[in-house]
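Listing of query-v1.pdb; format and content: PDB, C-alpha atoms, pLDDT in the B column.
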ATOM      1  CA  MET D   1     -68.242  -2.446   4.330  1.00 57.00           C
ATOM      2  CA  LEU D   2     -71.773  -3.669   4.885  1.00 67.00           C
ATOM      3  CA  ASP D   3     -73.300  -0.184   5.032  1.00 79.00           C
ATOM      4  CA  THR D   4     -72.166   0.544   1.448  1.00 84.00           C
ATOM      5  CA  ALA D   5     -72.740  -2.894  -0.073  1.00 85.00           C
ATOM      6  CA  HIS D   6     -75.994  -1.734  -1.673  1.00 88.00           C
ATOM      7  CA  LEU D   7     -74.400   1.110  -3.639  1.00 87.00           C
ATOM      8  CA  GLU D   8     -74.388   1.108  -7.419  1.00 89.00           C
ATOM      9  CA  PRO D   9     -70.943   1.469  -9.095  1.00 91.00           C
ATOM     10  CA  LEU D  10     -71.273   5.225  -9.689  1.00 91.00           C
ATOM     11  CA  GLU D  11     -72.591   5.783  -6.154  1.00 90.00           C
ATOM     12  CA  ASP D  12     -69.646   3.819  -4.775  1.00 92.00           C
ATOM     13  CA  LEU D  13     -67.268   5.934  -6.887  1.00 93.00           C
ATOM     14  CA  VAL D  14     -68.763   9.163  -5.508  1.00 92.00           C
ATOM     15  CA  TYR D  15     -68.654   7.850  -1.916  1.00 92.00           C
ATOM     16  CA  ARG D  16     -64.993   6.831  -2.150  1.00 93.00           C
ATOM     17  CA  ARG D  17     -63.952  10.120  -3.712  1.00 94.00           C
ATOM     18  CA  LEU D  18     -65.785  12.000  -0.971  1.00 94.00           C
ATOM     19  CA  LEU D  19     -63.860   9.986   1.649  1.00 93.00           C
ATOM     20  CA  ASP D  20     -60.549  10.602  -0.155  1.00 95.00           C
ATOM     21  CA  LEU D  21     -61.257  14.349  -0.197  1.00 93.00           C
ATOM     22  CA  TYR D  22     -62.217  14.281   3.503  1.00 93.00           C
ATOM     23  CA  TYR D  23     -59.037  12.480   4.562  1.00 93.00           C
ATOM     24  CA  SER D  24     -56.672  14.409   2.270  1.00 92.00           C
ATOM     25  CA  SER D  25     -57.989  17.801   3.438  1.00 92.00           C
ATOM     26  CA  GLU D  26     -58.524  16.611   7.045  1.00 92.00           C
ATOM     27  CA  ALA D  27     -61.647  18.779   7.116  1.00 92.00           C
ATOM     28  CA  PRO D  28     -65.425  18.429   6.595  1.00 94.00           C
ATOM     29  CA  ILE D  29     -66.818  18.790   3.073  1.00 93.00           C
ATOM     30  CA  PRO D  30     -68.246  22.249   2.188  1.00 90.00           C
ATOM     31  CA  ASP D  31     -71.925  22.384   1.210  1.00 92.00           C
ATOM     32  CA  ASP D  32     -71.381  23.649  -2.337  1.00 92.00           C
ATOM     33  CA  ASN D  33     -72.197  21.035  -4.971  1.00 89.00           C
ATOM     34  CA  GLN D  34     -70.753  22.919  -7.918  1.00 92.00           C
ATOM     35  CA  LYS D  35     -67.330  23.413  -6.329  1.00 92.00           C
ATOM     36  CA  LEU D  36     -67.491  19.952  -4.787  1.00 92.00           C
ATOM     37  CA  CYS D  37     -68.110  18.217  -8.131  1.00 92.00           C
ATOM     38  CA  LYS D  38     -65.117  20.077  -9.551  1.00 93.00           C
ATOM     39  CA  ARG D  39     -62.873  18.909  -6.699  1.00 92.00           C
ATOM     40  CA  LEU D  40     -64.153  15.344  -7.148  1.00 92.00           C
ATOM     41  CA  ARG D  41     -63.387  15.535 -10.897  1.00 92.00           C
ATOM     42  CA  LEU D  42     -67.054  14.875 -11.738  1.00 92.00           C
ATOM     43  CA  GLY D  43     -69.347  16.753 -14.119  1.00 91.00           C
ATOM     44  CA  PHE D  44     -71.762  18.999 -12.240  1.00 90.00           C
ATOM     45  CA  GLN D  45     -74.725  18.397 -14.561  1.00 90.00           C
ATOM     46  CA  GLU D  46     -74.327  14.605 -14.557  1.00 90.00           C
ATOM     47  CA  PHE D  47     -73.338  14.011 -10.919  1.00 93.00           C
ATOM     48  CA  SER D  48     -74.841  16.836  -8.821  1.00 91.00           C
ATOM     49  CA  ASP D  49     -77.944  14.860  -7.800  1.00 93.00           C
ATOM     50  CA  LEU D  50     -75.872  11.715  -7.162  1.00 93.00           C
ATOM     51  CA  VAL D  51     -73.425  13.615  -4.939  1.00 93.00           C
ATOM     52  CA  SER D  52     -76.320  15.108  -2.964  1.00 94.00           C
ATOM     53  CA  SER D  53     -77.874  11.671  -2.514  1.00 93.00           C
ATOM     54  CA  VAL D  54     -74.642  10.086  -1.219  1.00 93.00           C
ATOM     55  CA  LEU D  55     -73.956  13.038   1.103  1.00 92.00           C
ATOM     56  CA  SER D  56     -77.421  12.909   2.654  1.00 93.00           C
ATOM     57  CA  GLU D  57     -77.188   9.125   3.215  1.00 91.00           C
ATOM     58  CA  PHE D  58     -73.708   8.842   4.771  1.00 92.00           C
ATOM     59  CA  PHE D  59     -72.857  12.348   6.035  1.00 94.00           C
ATOM     60  CA  PHE D  60     -74.565  14.896   8.271  1.00 94.00           C
ATOM     61  CA  LEU D  61     -74.761  18.651   7.687  1.00 93.00           C
ATOM     62  CA  GLU D  62     -73.438  20.906  10.445  1.00 93.00           C
ATOM     63  CA  ASN D  63     -72.543  24.620  10.235  1.00 92.00           C
ATOM     64  CA  GLY D  64     -72.520  24.619   6.440  1.00 90.00           C
ATOM     65  CA  SER D  65     -70.292  21.549   6.083  1.00 94.00           C
ATOM     66  CA  TRP D  66     -70.889  17.826   5.615  1.00 95.00           C
ATOM     67  CA  LYS D  67     -69.324  15.693   8.348  1.00 94.00           C
ATOM     68  CA  HIS D  68     -68.702  11.954   8.636  1.00 93.00           C
ATOM     69  CA  THR D  69     -68.453  10.372  12.098  1.00 92.00           C
ATOM     70  CA  ARG D  70     -65.831   7.738  11.201  1.00 90.00           C
ATOM     71  CA  CYS D  71     -63.701  10.246   9.270  1.00 92.00           C
ATOM     72  CA  GLU D  72     -63.756  12.696  12.188  1.00 92.00           C
ATOM     73  CA  ALA D  73     -62.600   9.970  14.602  1.00 93.00           C
ATOM     74  CA  GLU D  74     -59.822   8.725  12.292  1.00 93.00           C
ATOM     75  CA  ILE D  75     -58.501  12.224  11.581  1.00 93.00           C
ATOM     76  CA  ALA D  76     -58.573  13.166  15.285  1.00 92.00           C
ATOM     77  CA  ALA D  77     -56.597  10.020  16.177  1.00 92.00           C
ATOM     78  CA  TYR D  78     -54.095  10.683  13.397  1.00 92.00           C
ATOM     79  CA  GLN D  79     -53.604  14.303  14.472  1.00 89.00           C
ATOM     80  CA  ARG D  80     -53.097  13.255  18.122  1.00 92.00           C
ATOM     81  CA  LYS D  81     -50.441  10.758  17.121  1.00 91.00           C
ATOM     82  CA  LYS D  82     -48.798  13.300  14.814  1.00 89.00           C
ATOM     83  CA  ALA D  83     -48.654  15.805  17.676  1.00 89.00           C
ATOM     84  CA  VAL D  84     -47.034  13.225  19.985  1.00 88.00           C
ATOM     85  CA  LEU D  85     -44.429  12.305  17.350  1.00 89.00           C
ATOM     86  CA  SER D  86     -43.704  15.989  16.749  1.00 83.00           C
ATOM     87  CA  ALA D  87     -43.299  16.637  20.471  1.00 83.00           C
ATOM     88  CA  ASN D  88     -40.970  13.630  20.849  1.00 82.00           C
ATOM     89  CA  GLY D  89     -38.955  14.802  17.861  1.00 79.00           C
ATOM     90  CA  SER D  90     -38.447  18.256  19.338  1.00 75.00           C
ATOM     91  CA  LEU D  91     -37.135  16.618  22.517  1.00 75.00           C
ATOM     92  CA  GLY D  92     -34.687  14.416  20.622  1.00 69.00           C
ATOM     93  CA  GLY D  93     -36.828  11.283  20.151  1.00 63.00           C
ATOM     94  CA  ARG D  94     -38.735   8.972  22.415  1.00 63.00           C
ATOM     95  CA  PRO D  95     -37.925   9.199  26.128  1.00 60.00           C
ATOM     96  CA  LYS D  96     -35.437   6.571  27.234  1.00 64.00           C
ATOM     97  CA  LYS D  97     -36.540   3.872  29.648  1.00 67.00           C
ATOM     98  CA  SER D  98     -35.115   4.229  33.130  1.00 62.00           C
ATOM     99  CA  LYS D  99     -32.881   1.357  34.217  1.00 62.00           C
ATOM    100  CA  SER D 100     -32.855   0.062  37.775  1.00 62.00           C
ATOM    101  CA  LYS D 101     -29.480   0.148  39.493  1.00 62.00           C
ATOM    102  CA  PRO D 102     -27.847  -3.311  39.816  1.00 57.00           C
ATOM    103  CA  ASP D 103     -26.864  -4.440  43.272  1.00 63.00           C
ATOM    104  CA  ALA D 104     -23.242  -4.986  44.298  1.00 58.00           C
ATOM    105  CA  LYS D 105     -23.283  -8.731  43.510  1.00 59.00           C
ATOM    106  CA  GLN D 106     -24.607  -8.185  40.005  1.00 61.00           C
ATOM    107  CA  LYS D 107     -22.099  -5.372  39.399  1.00 58.00           C
ATOM    108  CA  LYS D 108     -19.196  -7.655  40.399  1.00 56.00           C
ATOM    109  CA  THR D 109     -20.396 -10.489  38.120  1.00 55.00           C
ATOM    110  CA  LYS D 110     -20.888  -8.148  35.174  1.00 55.00           C
ATOM    111  CA  SER D 111     -17.427  -6.637  35.548  1.00 54.00           C
ATOM    112  CA  LEU D 112     -15.854 -10.047  34.745  1.00 58.00           C
ATOM    113  CA  GLN D 113     -17.701 -10.282  31.405  1.00 61.00           C
ATOM    114  CA  PRO D 114     -17.476  -7.904  28.453  1.00 63.00           C
ATOM    115  CA  GLU D 115     -20.546  -5.777  27.874  1.00 67.00           C
ATOM    116  CA  PRO D 116     -22.470  -7.062  24.843  1.00 68.00           C
ATOM    117  CA  GLU D 117     -22.980  -4.680  21.962  1.00 67.00           C
ATOM    118  CA  PRO D 118     -26.554  -3.312  22.085  1.00 63.00           C
ATOM    119  CA  GLU D 119     -28.635  -4.417  19.119  1.00 59.00           C
ATOM    120  CA  PRO D 120     -29.676  -1.467  16.949  1.00 57.00           C
ATOM    121  CA  GLU D 121     -33.394  -0.725  16.962  1.00 55.00           C
ATOM    122  CA  PRO D 122     -34.898  -1.626  13.588  1.00 55.00           C
ATOM    123  CA  GLU D 123     -36.046   1.182  11.329  1.00 60.00           C
ATOM    124  CA  PRO D 124     -39.789   1.905  11.688  1.00 58.00           C
ATOM    125  CA  SER D 125     -40.560   0.548   8.216  1.00 58.00           C
ATOM    126  CA  LYS D 126     -38.486  -2.641   8.746  1.00 65.00           C
ATOM    127  CA  ARG D 127     -40.492  -4.005  11.635  1.00 73.00           C
ATOM    128  CA  LYS D 128     -44.128  -4.961  12.014  1.00 82.00           C
ATOM    129  CA  CYS D 129     -46.248  -1.823  11.972  1.00 89.00           C
ATOM    130  CA  THR D 130     -49.277  -1.016  14.065  1.00 92.00           C
ATOM    131  CA  LEU D 131     -52.759  -0.498  12.644  1.00 89.00           C
ATOM    132  CA  ASP D 132     -52.499   3.270  13.255  1.00 91.00           C
ATOM    133  CA  GLU D 133     -49.116   3.439  11.495  1.00 92.00           C
ATOM    134  CA  ALA D 134     -50.515   1.627   8.440  1.00 89.00           C
ATOM    135  CA  LYS D 135     -53.503   4.023   8.290  1.00 89.00           C
ATOM    136  CA  ALA D 136     -51.273   7.099   8.675  1.00 92.00           C
ATOM    137  CA  PHE D 137     -48.906   5.931   5.930  1.00 91.00           C
ATOM    138  CA  ALA D 138     -51.848   5.305   3.585  1.00 88.00           C
ATOM    139  CA  LEU D 139     -52.795   8.979   4.053  1.00 90.00           C
ATOM    140  CA  GLU D 140     -49.191  10.003   3.289  1.00 89.00           C
ATOM    141  CA  LEU D 141     -49.454   8.102  -0.010  1.00 89.00           C
ATOM    142  CA  GLY D 142     -52.661   9.984  -0.846  1.00 89.00           C
ATOM    143  CA  GLN D 143     -54.798   6.865  -0.322  1.00 89.00           C
ATOM    144  CA  PRO D 144     -57.823   6.428   1.972  1.00 90.00           C
ATOM    145  CA  VAL D 145     -57.318   5.107   5.512  1.00 89.00           C
ATOM    146  CA  SER D 146     -59.212   1.954   4.514  1.00 91.00           C
ATOM    147  CA  ASP D 147     -56.243   0.930   2.291  1.00 90.00           C
ATOM    148  CA  GLY D 148     -53.857   1.018   5.249  1.00 89.00           C
ATOM    149  CA  GLU D 149     -56.367  -0.908   7.360  1.00 91.00           C
ATOM    150  CA  ALA D 150     -56.776  -3.572   4.652  1.00 90.00           C
ATOM    151  CA  CYS D 151     -52.989  -3.977   4.232  1.00 90.00           C
ATOM    152  CA  PHE D 152     -52.450  -4.338   7.993  1.00 92.00           C
ATOM    153  CA  TYR D 153     -55.065  -7.056   8.444  1.00 92.00           C
ATOM    154  CA  LYS D 154     -53.866  -8.906   5.331  1.00 89.00           C
ATOM    155  CA  TRP D 155     -50.290  -8.945   6.622  1.00 85.00           C
ATOM    156  CA  GLU D 156     -51.417  -9.974  10.092  1.00 88.00           C
ATOM    157  CA  GLY D 157     -53.456 -12.849   8.618  1.00 88.00           C
ATOM    158  CA  ASN D 158     -50.583 -13.999   6.378  1.00 86.00           C
ATOM    159  CA  GLY D 159     -47.994 -13.965   9.154  1.00 88.00           C
ATOM    160  CA  TRP D 160     -46.388 -10.807   7.703  1.00 88.00           C
ATOM    161  CA  LYS D 161     -45.646 -12.420   4.367  1.00 87.00           C
ATOM    162  CA  ASN D 162     -46.179 -11.203   0.817  1.00 83.00           C
ATOM    163  CA  GLY D 163     -46.846 -14.449  -1.014  1.00 80.00           C
ATOM    164  CA  THR D 164     -44.116 -16.799   0.280  1.00 84.00           C
ATOM    165  CA  SER D 165     -41.611 -14.074   1.171  1.00 86.00           C
ATOM    166  CA  SER D 166     -41.458 -12.299   4.515  1.00 89.00           C
ATOM    167  CA  ILE D 167     -42.254  -8.573   4.462  1.00 87.00           C
ATOM    168  CA  LYS D 168     -38.940  -6.869   5.225  1.00 84.00           C
ATOM    169  CA  ASP D 169     -40.116  -3.284   4.678  1.00 91.00           C
ATOM    170  CA  TRP D 170     -43.875  -2.720   5.018  1.00 86.00           C
ATOM    171  CA  LYS D 171     -43.725   0.847   3.715  1.00 92.00           C
ATOM    172  CA  ALA D 172     -41.942  -0.271   0.566  1.00 90.00           C
ATOM    173  CA  THR D 173     -44.539  -3.029   0.134  1.00 90.00           C
ATOM    174  CA  MET D 174     -47.440  -0.583   0.392  1.00 88.00           C
ATOM    175  CA  ARG D 175     -45.725   1.811  -2.050  1.00 90.00           C
ATOM    176  CA  SER D 176     -45.227  -1.073  -4.502  1.00 89.00           C
ATOM    177  CA  TRP D 177     -48.881  -2.121  -4.202  1.00 87.00           C
ATOM    178  CA  LYS D 178     -49.994   1.455  -4.863  1.00 88.00           C
ATOM    179  CA  SER D 179     -47.805   1.822  -7.977  1.00 89.00           C
ATOM    180  CA  SER D 180     -49.140  -1.524  -9.269  1.00 86.00           C
ATOM    181  CA  GLY D 181     -52.770  -0.623  -8.539  1.00 86.00           C
ATOM    182  CA  TYR D 182     -53.231  -3.454  -6.006  1.00 84.00           C
ATOM    183  CA  LEU D 183     -54.691  -1.393  -3.145  1.00 87.00           C
ATOM    184  CA  PRO D 184     -58.410  -2.050  -2.438  1.00 86.00           C
ATOM    185  CA  SER D 185     -59.605   1.456  -3.370  1.00 88.00           C
ATOM    186  CA  GLN D 186     -57.667   1.276  -6.649  1.00 84.00           C
ATOM    187  CA  LYS D 187     -59.127  -2.135  -7.520  1.00 75.00           C
ATOM    188  CA  SER D 188     -62.695  -0.939  -6.991  1.00 62.00           C
ATOM    189  CA  LEU D 189     -62.157   2.033  -9.319  1.00 49.00           C
ATOM    190  CA  PHE D 190     -60.450  -0.051 -12.017  1.00 45.00           C
ATOM    191  CA  SER D 191     -63.261  -2.607 -11.967  1.00 47.00           C
ATOM    192  CA  MET D 192     -65.747   0.142 -12.909  1.00 40.00           C
ATOM    193  CA  GLN D 193     -63.867   1.205 -16.049  1.00 45.00           C
ATOM    194  CA  PRO D 194     -65.519  -0.078 -19.262  1.00 48.00           C
ATOM    195  CA  LYS D 195     -63.625  -2.782 -21.114  1.00 49.00           C
ATOM    196  CA  LYS D 196     -62.238  -1.848 -24.531  1.00 50.00           C
ATOM    197  CA  THR D 197     -64.059  -3.521 -27.423  1.00 49.00           C
ATOM    198  CA  LYS D 198     -61.906  -5.355 -29.904  1.00 49.00           C
ATOM    199  CA  HIS D 199     -61.687  -4.102 -33.507  1.00 48.00           C
ATOM    200  CA  ALA D 200     -63.609  -6.163 -36.004  1.00 44.00           C
ATOM    201  CA  SER D 201     -60.410  -7.115 -37.826  1.00 44.00           C
ATOM    202  CA  CYS D 202     -59.064  -8.710 -34.613  1.00 39.00           C
ATOM    203  CA  LEU D 203     -62.075 -11.005 -34.084  1.00 36.00           C
TER
END
I'd like the structure from this file rewritten - as structure tokens, please.
Amino acid sequence: MLDTAHLEPLEDLVYRRLLDLYYSSEAPIPDDNQKLCKRLRLGFQEFSDLVSSVLSEFFFLENGSWKHTRCEAEIAAYQRKKAVLSANGSLGGRPKKSKSKPDAKQKKTKSLQPEPEPEPEPEPSKRKCTLDEAKAFALELGQPVSDGEACFYKWEGNGWKNGTSSIKDWKATMRSWKSSGYLPSQKSLFSMQPKKTKHASCL
């Protein structure tokens, strides 16, 4: 992200935690630094000024809450899709496609041949996902939307392969990457942790 490339490591940490809080709560961030630092798992005395600086640079204050344009758009799109899926589920799934009636000649030809068994529709996680599905699943895993976006474009670029093997279940792949700490947001946080110094007796 070019607009955050200038951030120092601690600023980047604060920014990413603010985004994670925004997406997980699906609501703007309240304008209360003391409570906010607690929710971000940051010390108020050490990080209050840094949190204020990041908020004022990337968010805008409206009606006592800090809003983020991209977050608002992503959450609105996710909620719309969720509502559609919920509505389809209450009606018994997606509406079936209407089939045109075959003419008499086609009907006669088909009657001489056995009807082929319809191929079962693959499970949602065992086919190529859409960008929106990858983002939504990242939120379900408690990760930022940017992780889902990064996974989708990586798989698209690699021809839906993980290394040399084809991705058979994209949800399982994303879960595995999260548990191994391979997701982009996890890598950026791990890279900021100080390295352990070796004991003198080991040198």
* Give as an MDAnalysis selection string the residues that the PyMOL selection byres ((chain D and resi 71) around 10) matches when applied to the coordinates above. => chainID D and resid 19:20 22:23 26:28 59 67:70 72:77 145
If you keep C-alpha atoms, can you produce a file of those selected residues as an mmCIF file, in the coordinates of the input?
data_model
loop_
_atom_site.group_PDB
_atom_site.id
_atom_site.type_symbol
_atom_site.label_atom_id
_atom_site.label_comp_id
_atom_site.auth_asym_id
_atom_site.auth_seq_id
_atom_site.Cartn_x
_atom_site.Cartn_y
_atom_site.Cartn_z
ATOM 1 C CA LEU D 19 -63.860 9.986 1.649
ATOM 2 C CA ASP D 20 -60.549 10.602 -0.155
ATOM 3 C CA TYR D 22 -62.217 14.281 3.503
ATOM 4 C CA TYR D 23 -59.037 12.480 4.562
ATOM 5 C CA GLU D 26 -58.524 16.611 7.045
ATOM 6 C CA ALA D 27 -61.647 18.779 7.116
ATOM 7 C CA PRO D 28 -65.425 18.429 6.595
ATOM 8 C CA PHE D 59 -72.857 12.348 6.035
ATOM 9 C CA LYS D 67 -69.324 15.693 8.348
ATOM 10 C CA HIS D 68 -68.702 11.954 8.636
ATOM 11 C CA THR D 69 -68.453 10.372 12.098
ATOM 12 C CA ARG D 70 -65.831 7.738 11.201
ATOM 13 C CA GLU D 72 -63.756 12.696 12.188
ATOM 14 C CA ALA D 73 -62.600 9.970 14.602
ATOM 15 C CA GLU D 74 -59.822 8.725 12.292
ATOM 16 C CA ILE D 75 -58.501 12.224 11.581
ATOM 17 C CA ALA D 76 -58.573 13.166 15.285
ATOM 18 C CA ALA D 77 -56.597 10.020 16.177
ATOM 19 C CA VAL D 145 -57.318 5.107 5.512
#
Who sits within 8 Å of Leu50 in chain D, only C-alpha atoms, same chain under 4 positions skipped, as an mmCIF file with C-alpha atoms, in the coordinates of the input:
data_model
loop_
_atom_site.group_PDB
_atom_site.id
_atom_site.type_symbol
_atom_site.label_atom_id
_atom_site.label_comp_id
_atom_site.auth_asym_id
_atom_site.auth_seq_id
_atom_site.Cartn_x
_atom_site.Cartn_y
_atom_site.Cartn_z
ATOM 1 C CA GLU D 11 -72.591 5.783 -6.154
ATOM 2 C CA VAL D 14 -68.763 9.163 -5.508
ATOM 3 C CA VAL D 54 -74.642 10.086 -1.219
#
* Contacts of Lys171 in chain D at 12 Å (all atoms listed in the file; same-chain gap of 5+ positions) as a ChimeraX atom specification -> /D:123-130,133-138,140-141,148,151-152,176-178
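One finds CA of Phe58 in chain D at 9.0 Å from CA of Asp3 in chain D.
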* **Long-range neighbours of Ser48 in chain D as a PyMOL selection string, 8 Å cut-off, only C-alpha atoms, 3 positions minimum in chain** => chain D and resi 33-34+37+43-45+51-52
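Distances here use all atoms listed in the file; by that measure, the residue among D:Asp132, D:Glu149, D:Glu57, D:Tyr15 closest to Lys82 in chain D is D:Asp132.
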* Length of the CA of Glu62 in chain D to CA of Glu8 in chain D vector [Å] ->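 Computed distance, CA of Glu62 in chain D to CA of Glu8 in chain D, equals 26.7 Å.
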* List the residues selected by the PyMOL selection byres ((chain D and resi 183) around 10) in the file shown, writing them as a PyMOL selection string. => chain D and resi 138+143-144+146-148+150-151+174-182+184-188
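Distance-wise, CA of Ser25 in chain D and CA of His6 in chain D end up 27.1 Å apart.
Compared by their closest atoms to Asp32 in chain D, and using only C-alpha atoms, the residues D:Ser53, D:Gln79, D:Ser65, D:Thr4 rank with D:Ser65 nearest.
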Enclosing box along x, y and z for every listed atom of range 76-80 of chain D, padded 8 Å each side, centre and size in Å, one decimal, as AutoDock Vina command-line options:
--center_x -55.8 --center_y 12.2 --center_z 15.8 --size_x 21.5 --size_y 20.3 --size_z 20.7
* To do: Output the residue selection produced by the PyMOL selection byres ((chain D and resi 31) around 9) on the file above, formatted as a list in words.
  =>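 Output of the PyMOL selection byres ((chain D and resi 31) around 9): Ile29, Pro30, Asp32, Asn33, Lys35, Leu36, Leu61, Gly64, Ser65 and Trp66 of chain D.
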Return range 43-64 of chain D, completed with N, CA and C atoms, as a short mmCIF file (atom, residue, chain, number, x, y, z; two decimals), keeping the file's coordinate frame.
data_model
loop_
_atom_site.label_atom_id
_atom_site.label_comp_id
_atom_site.auth_asym_id
_atom_site.auth_seq_id
_atom_site.Cartn_x
_atom_site.Cartn_y
_atom_site.Cartn_z
N GLY D 43 -68.54 15.73 -13.47
CA GLY D 43 -69.35 16.75 -14.12
C GLY D 43 -70.52 17.18 -13.26
N PHE D 44 -70.71 18.49 -13.12
CA PHE D 44 -71.76 19.00 -12.24
C PHE D 44 -73.15 18.58 -12.73
N GLN D 45 -73.40 18.72 -14.02
CA GLN D 45 -74.72 18.40 -14.56
C GLN D 45 -75.07 16.92 -14.38
N GLU D 46 -74.07 16.04 -14.61
CA GLU D 46 -74.33 14.60 -14.56
C GLU D 46 -74.35 14.06 -13.13
N PHE D 47 -73.54 14.64 -12.23
CA PHE D 47 -73.34 14.01 -10.92
C PHE D 47 -73.88 14.82 -9.74
N SER D 48 -74.40 16.00 -9.94
CA SER D 48 -74.84 16.84 -8.82
C SER D 48 -75.87 16.13 -7.94
N ASP D 49 -76.90 15.54 -8.58
CA ASP D 49 -77.94 14.86 -7.80
C ASP D 49 -77.39 13.63 -7.09
N LEU D 50 -76.46 12.92 -7.76
CA LEU D 50 -75.87 11.72 -7.16
C LEU D 50 -75.01 12.08 -5.96
N VAL D 51 -74.25 13.16 -6.06
CA VAL D 51 -73.42 13.62 -4.94
C VAL D 51 -74.31 14.01 -3.76
N SER D 52 -75.40 14.71 -4.04
CA SER D 52 -76.32 15.11 -2.96
C SER D 52 -76.93 13.90 -2.27
N SER D 53 -77.27 12.88 -3.07
CA SER D 53 -77.87 11.67 -2.51
C SER D 53 -76.91 10.93 -1.59
N VAL D 54 -75.65 10.78 -2.03
CA VAL D 54 -74.64 10.09 -1.22
C VAL D 54 -74.33 10.88 0.05
N LEU D 55 -74.23 12.20 -0.07
CA LEU D 55 -73.96 13.04 1.10
C LEU D 55 -75.06 12.91 2.15
N SER D 56 -76.30 12.96 1.71
CA SER D 56 -77.42 12.91 2.65
C SER D 56 -77.55 11.54 3.32
N GLU D 57 -77.06 10.47 2.64
CA GLU D 57 -77.19 9.12 3.22
C GLU D 57 -76.08 8.82 4.22
N PHE D 58 -74.84 9.26 3.95
CA PHE D 58 -73.71 8.84 4.77
C PHE D 58 -73.07 9.97 5.59
N PHE D 59 -73.45 11.21 5.33
CA PHE D 59 -72.86 12.35 6.04
C PHE D 59 -73.96 13.14 6.74
N PHE D 60 -73.57 14.04 7.63
CA PHE D 60 -74.56 14.90 8.27
C PHE D 60 -74.10 16.35 8.17
N LEU D 61 -75.06 17.24 7.92
CA LEU D 61 -74.76 18.65 7.69
C LEU D 61 -74.70 19.41 9.01
N GLU D 62 -73.61 20.14 9.21
CA GLU D 62 -73.44 20.91 10.44
C GLU D 62 -72.63 22.15 10.14
N ASN D 63 -73.21 23.33 10.44
CA ASN D 63 -72.54 24.62 10.24
C ASN D 63 -72.04 24.80 8.81
N GLY D 64 -72.87 24.41 7.85
CA GLY D 64 -72.52 24.62 6.44
C GLY D 64 -71.51 23.65 5.87
#
